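A short write-up of the structure that comes next.
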Amino acid sequence: MSLLGRIDEVAREIPGGGGEFHIIVLQHTDCGITRLAGDPAMLAHYFQIQEGELKQKAVTDPRAAVAVDITSLRAIPALPGEWLISGLVYDVATGLVEIVVPSAAIRTV
């Protein structure tokens with residue numbers, strides 16, 4: 001089951017969101033998957049998408065990837081709009097965490 005599928009499953013188990021819930025999307029620099037950028041067939045297989053859709057995943061840019069993932073999560077109608085979501089990037093060289101998408105409700109309720 002995909003991550004989005006699992007989150008959708010959790011949303012169904014907690015009617016109305018069940019109180020404050022925060023989804024944190026965390027990417028990191030120097031990710032090993034960037035080494036597959038030269039093998040689009042393997043990356044497409046990993047993401048279960050067509051090769052032409054790979055640019056949308058922003059594999060080589062963790063900040064852009066966070067934004068892509070947040071957009072995908074916000075598009076899941078089963079996720080309660082009042083749940084909070086934020087996006088972060090962990091820099092493995094410095095140990096610092098950068099807020100890329102500040103915490104906000106998934107959708108305006």
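Each chain in the structure tokens gets a letter, A, B, ..., in the order shown, and its residues are numbered from 1; ligands are numbered from 1 in order too.
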Backbone DSSP call of alpha helix (DSSP H) for chain A, listed as a ChimeraX atom specification: /A:3-13,40-47,62-74
Got time to write the residues from that selection, N, CA and C atoms, as a tab-separated table (two decimals), in the first residue's frame?
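Okay, part.tsv is ready:
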chain	number	residue	atom	x	y	z
A	3	LEU	N	1.94	5.27	0.58
A	3	LEU	CA	1.80	6.17	1.72
A	3	LEU	C	0.48	6.93	1.65
A	4	LEU	N	0.13	7.43	0.46
A	4	LEU	CA	-1.12	8.16	0.32
A	4	LEU	C	-2.30	7.25	0.62
A	5	GLY	N	-2.21	5.99	0.21
A	5	GLY	CA	-3.27	5.04	0.50
A	5	GLY	C	-3.41	4.80	1.99
A	6	ARG	N	-2.30	4.72	2.69
A	6	ARG	CA	-2.33	4.50	4.14
A	6	ARG	C	-2.91	5.71	4.86
A	7	ILE	N	-2.54	6.91	4.44
A	7	ILE	CA	-3.09	8.11	5.06
A	7	ILE	C	-4.59	8.17	4.83
A	8	ASP	N	-5.01	7.83	3.62
A	8	ASP	CA	-6.45	7.79	3.31
A	8	ASP	C	-7.15	6.80	4.23
A	9	GLU	N	-6.52	5.65	4.47
A	9	GLU	CA	-7.09	4.63	5.35
A	9	GLU	C	-7.24	5.16	6.78
A	10	VAL	N	-6.22	5.87	7.27
A	10	VAL	CA	-6.27	6.45	8.61
A	10	VAL	C	-7.41	7.47	8.69
A	11	ALA	N	-7.54	8.28	7.65
A	11	ALA	CA	-8.59	9.30	7.64
A	11	ALA	C	-9.96	8.66	7.76
A	12	ARG	N	-10.15	7.52	7.14
A	12	ARG	CA	-11.45	6.85	7.19
A	12	ARG	C	-11.73	6.28	8.58
A	13	GLU	N	-10.67	5.93	9.32
A	13	GLU	CA	-10.83	5.35	10.65
A	13	GLU	C	-11.16	6.39	11.71
A	40	PRO	N	15.58	6.82	-15.75
A	40	PRO	CA	14.16	7.16	-15.65
A	40	PRO	C	13.24	5.95	-15.60
A	41	ALA	N	13.60	4.86	-16.24
A	41	ALA	CA	12.74	3.67	-16.21
A	41	ALA	C	12.63	3.14	-14.78
A	42	MET	N	13.74	3.10	-14.06
A	42	MET	CA	13.72	2.60	-12.69
A	42	MET	C	12.94	3.53	-11.78
A	43	LEU	N	13.15	4.85	-11.95
A	43	LEU	CA	12.42	5.82	-11.14
A	43	LEU	C	10.92	5.74	-11.40
A	44	ALA	N	10.55	5.64	-12.66
A	44	ALA	CA	9.12	5.54	-13.00
A	44	ALA	C	8.51	4.29	-12.38
A	45	HIS	N	9.25	3.20	-12.40
A	45	HIS	CA	8.76	1.96	-11.79
A	45	HIS	C	8.60	2.15	-10.28
A	46	TYR	N	9.58	2.78	-9.65
A	46	TYR	CA	9.53	3.02	-8.21
A	46	TYR	C	8.28	3.83	-7.83
A	47	PHE	N	8.04	4.91	-8.57
A	47	PHE	CA	6.91	5.79	-8.27
A	47	PHE	C	5.58	5.28	-8.86
A	62	PRO	N	14.74	18.50	-3.09
A	62	PRO	CA	13.89	18.14	-1.94
A	62	PRO	C	12.87	19.21	-1.57
A	63	ARG	N	13.19	20.47	-1.78
A	63	ARG	CA	12.23	21.53	-1.45
A	63	ARG	C	11.03	21.48	-2.38
A	64	ALA	N	11.31	21.32	-3.66
A	64	ALA	CA	10.21	21.20	-4.63
A	64	ALA	C	9.42	19.92	-4.39
A	65	ALA	N	10.12	18.84	-4.01
A	65	ALA	CA	9.45	17.56	-3.75
A	65	ALA	C	8.47	17.69	-2.58
A	66	VAL	N	8.84	18.46	-1.57
A	66	VAL	CA	7.94	18.69	-0.44
A	66	VAL	C	6.66	19.36	-0.93
A	67	ALA	N	6.80	20.38	-1.76
A	67	ALA	CA	5.63	21.09	-2.28
A	67	ALA	C	4.75	20.16	-3.12
A	68	VAL	N	5.37	19.30	-3.92
A	68	VAL	CA	4.63	18.34	-4.73
A	68	VAL	C	3.84	17.39	-3.83
A	69	ASP	N	4.50	16.88	-2.79
A	69	ASP	CA	3.84	15.93	-1.89
A	69	ASP	C	2.69	16.59	-1.13
A	70	ILE	N	2.88	17.82	-0.69
A	70	ILE	CA	1.81	18.53	0.02
A	70	ILE	C	0.61	18.74	-0.90
A	71	THR	N	0.87	19.12	-2.14
A	71	THR	CA	-0.21	19.30	-3.10
A	71	THR	C	-0.98	18.00	-3.29
A	72	SER	N	-0.26	16.88	-3.39
A	72	SER	CA	-0.91	15.57	-3.55
A	72	SER	C	-1.77	15.23	-2.35
A	73	LEU	N	-1.26	15.49	-1.16
A	73	LEU	CA	-2.03	15.19	0.05
A	73	LEU	C	-3.27	16.07	0.16
A	74	ARG	N	-3.13	17.32	-0.18
A	74	ARG	CA	-4.28	18.23	-0.11
A	74	ARG	C	-5.39	17.83	-1.09
What lies within 10 Å of range 92-103 of chain A using only C-alpha atoms, ignoring chain neighbours under 2 positions off, as JSON, numbers by chain? {"A": [22, 23, 24, 25, 26, 27, 28, 29, 30, 31, 62, 63, 64, 66, 67, 70, 83, 84, 85, 86, 87, 88, 89, 90, 105, 106]}
For the residues in the current selection, export N, CA and C atoms as a PDB file, in the first residue's frame.
ATOM      1  N   HIS A  22      -1.642  16.335  12.778  1.00  0.00           N
ATOM      2  CA  HIS A  22      -0.683  17.069  11.960  1.00  0.00           C
ATOM      3  C   HIS A  22       0.104  16.089  11.101  1.00  0.00           C
ATOM      4  N   ILE A  23       0.029  16.295   9.786  1.00  0.00           N
ATOM      5  CA  ILE A  23       0.841  15.522   8.847  1.00  0.00           C
ATOM      6  C   ILE A  23       2.081  16.349   8.553  1.00  0.00           C
ATOM      7  N   ILE A  24       3.239  15.740   8.720  1.00  0.00           N
ATOM      8  CA  ILE A  24       4.498  16.418   8.426  1.00  0.00           C
ATOM      9  C   ILE A  24       5.165  15.689   7.271  1.00  0.00           C
ATOM     10  N   VAL A  25       5.386  16.418   6.189  1.00  0.00           N
ATOM     11  CA  VAL A  25       6.108  15.879   5.039  1.00  0.00           C
ATOM     12  C   VAL A  25       7.561  16.292   5.226  1.00  0.00           C
ATOM     13  N   LEU A  26       8.446  15.312   5.300  1.00  0.00           N
ATOM     14  CA  LEU A  26       9.861  15.590   5.549  1.00  0.00           C
ATOM     15  C   LEU A  26      10.710  14.942   4.464  1.00  0.00           C
ATOM     16  N   GLN A  27      11.373  15.762   3.687  1.00  0.00           N
ATOM     17  CA  GLN A  27      12.354  15.286   2.710  1.00  0.00           C
ATOM     18  C   GLN A  27      13.731  15.595   3.283  1.00  0.00           C
ATOM     19  N   HIS A  28      14.776  15.098   2.623  1.00  0.00           N
ATOM     20  CA  HIS A  28      16.127  15.394   3.082  1.00  0.00           C
ATOM     21  C   HIS A  28      17.069  15.581   1.902  1.00  0.00           C
ATOM     22  N   THR A  29      18.133  16.312   2.162  1.00  0.00           N
ATOM     23  CA  THR A  29      19.144  16.524   1.143  1.00  0.00           C
ATOM     24  C   THR A  29      19.980  15.261   0.985  1.00  0.00           C
ATOM     25  N   ASP A  30      20.690  15.164  -0.100  1.00  0.00           N
ATOM     26  CA  ASP A  30      21.582  14.037  -0.391  1.00  0.00           C
ATOM     27  C   ASP A  30      20.850  12.696  -0.338  1.00  0.00           C
ATOM     28  N   CYS A  31      19.623  12.687  -0.812  1.00  0.00           N
ATOM     29  CA  CYS A  31      18.828  11.465  -0.822  1.00  0.00           C
ATOM     30  C   CYS A  31      19.376  10.494  -1.866  1.00  0.00           C
ATOM     31  N   PRO A  62      14.740  18.497  -3.090  1.00  0.00           N
ATOM     32  CA  PRO A  62      13.890  18.139  -1.944  1.00  0.00           C
ATOM     33  C   PRO A  62      12.870  19.209  -1.574  1.00  0.00           C
ATOM     34  N   ARG A  63      13.186  20.472  -1.783  1.00  0.00           N
ATOM     35  CA  ARG A  63      12.233  21.528  -1.452  1.00  0.00           C
ATOM     36  C   ARG A  63      11.031  21.480  -2.384  1.00  0.00           C
ATOM     37  N   ALA A  64      11.307  21.319  -3.661  1.00  0.00           N
ATOM     38  CA  ALA A  64      10.211  21.201  -4.626  1.00  0.00           C
ATOM     39  C   ALA A  64       9.425  19.916  -4.391  1.00  0.00           C
ATOM     40  N   VAL A  66       8.843  18.459  -1.566  1.00  0.00           N
ATOM     41  CA  VAL A  66       7.941  18.695  -0.435  1.00  0.00           C
ATOM     42  C   VAL A  66       6.659  19.363  -0.929  1.00  0.00           C
ATOM     43  N   ALA A  67       6.799  20.381  -1.760  1.00  0.00           N
ATOM     44  CA  ALA A  67       5.629  21.086  -2.280  1.00  0.00           C
ATOM     45  C   ALA A  67       4.750  20.160  -3.115  1.00  0.00           C
ATOM     46  N   ILE A  70       2.879  17.819  -0.695  1.00  0.00           N
ATOM     47  CA  ILE A  70       1.813  18.530   0.024  1.00  0.00           C
ATOM     48  C   ILE A  70       0.612  18.740  -0.898  1.00  0.00           C
ATOM     49  N   TRP A  83      -7.315  19.112   9.443  1.00  0.00           N
ATOM     50  CA  TRP A  83      -6.009  18.563   9.798  1.00  0.00           C
ATOM     51  C   TRP A  83      -4.934  19.536   9.353  1.00  0.00           C
ATOM     52  N   LEU A  84      -3.856  19.582  10.091  1.00  0.00           N
ATOM     53  CA  LEU A  84      -2.736  20.456   9.758  1.00  0.00           C
ATOM     54  C   LEU A  84      -1.730  19.703   8.895  1.00  0.00           C
ATOM     55  N   ILE A  85      -1.033  20.445   8.045  1.00  0.00           N
ATOM     56  CA  ILE A  85      -0.001  19.852   7.209  1.00  0.00           C
ATOM     57  C   ILE A  85       1.136  20.854   7.094  1.00  0.00           C
ATOM     58  N   SER A  86       2.353  20.351   7.118  1.00  0.00           N
ATOM     59  CA  SER A  86       3.519  21.204   6.921  1.00  0.00           C
ATOM     60  C   SER A  86       4.578  20.411   6.176  1.00  0.00           C
ATOM     61  N   GLY A  87       5.521  21.134   5.591  1.00  0.00           N
ATOM     62  CA  GLY A  87       6.576  20.499   4.820  1.00  0.00           C
ATOM     63  C   GLY A  87       7.944  20.995   5.242  1.00  0.00           C
ATOM     64  N   LEU A  88       8.852  20.054   5.472  1.00  0.00           N
ATOM     65  CA  LEU A  88      10.187  20.369   5.972  1.00  0.00           C
ATOM     66  C   LEU A  88      11.251  19.685   5.125  1.00  0.00           C
ATOM     67  N   VAL A  89      12.458  20.251   5.147  1.00  0.00           N
ATOM     68  CA  VAL A  89      13.610  19.608   4.518  1.00  0.00           C
ATOM     69  C   VAL A  89      14.722  19.542   5.553  1.00  0.00           C
ATOM     70  N   TYR A  90      15.228  18.335   5.755  1.00  0.00           N
ATOM     71  CA  TYR A  90      16.350  18.105   6.672  1.00  0.00           C
ATOM     72  C   TYR A  90      17.633  18.135   5.861  1.00  0.00           C
ATOM     73  N   ALA A 105      -3.962  24.404   7.769  1.00  0.00           N
ATOM     74  CA  ALA A 105      -5.005  23.417   7.535  1.00  0.00           C
ATOM     75  C   ALA A 105      -4.854  22.856   6.121  1.00  0.00           C
ATOM     76  N   ILE A 106      -5.205  21.581   5.962  1.00  0.00           N
ATOM     77  CA  ILE A 106      -5.110  20.954   4.647  1.00  0.00           C
ATOM     78  C   ILE A 106      -5.959  21.728   3.636  1.00  0.00           C
TER      79      ILE A 106
END
Residues of range 25-65 of chain A in strand (DSSP E or B), written as a VMD selection string: chain A and resid 25 to 28
Considering only C-alpha atoms, can you say which of A:Thr108, A:Asp61, A:Glu53, A:Arg35 comes closest to Pro80 in chain A?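 Comparing A:Thr108, A:Asp61, A:Glu53, A:Arg35 against Pro80 in chain A, the winner is A:Thr108.
Going from CA of Gln48 in chain A to CA of Ala78 in chain A covers 21.7 Å.
Picture a line from CA of Leu79 in chain A to CA of Ala58 in chain A; it runs 23.6 Å.
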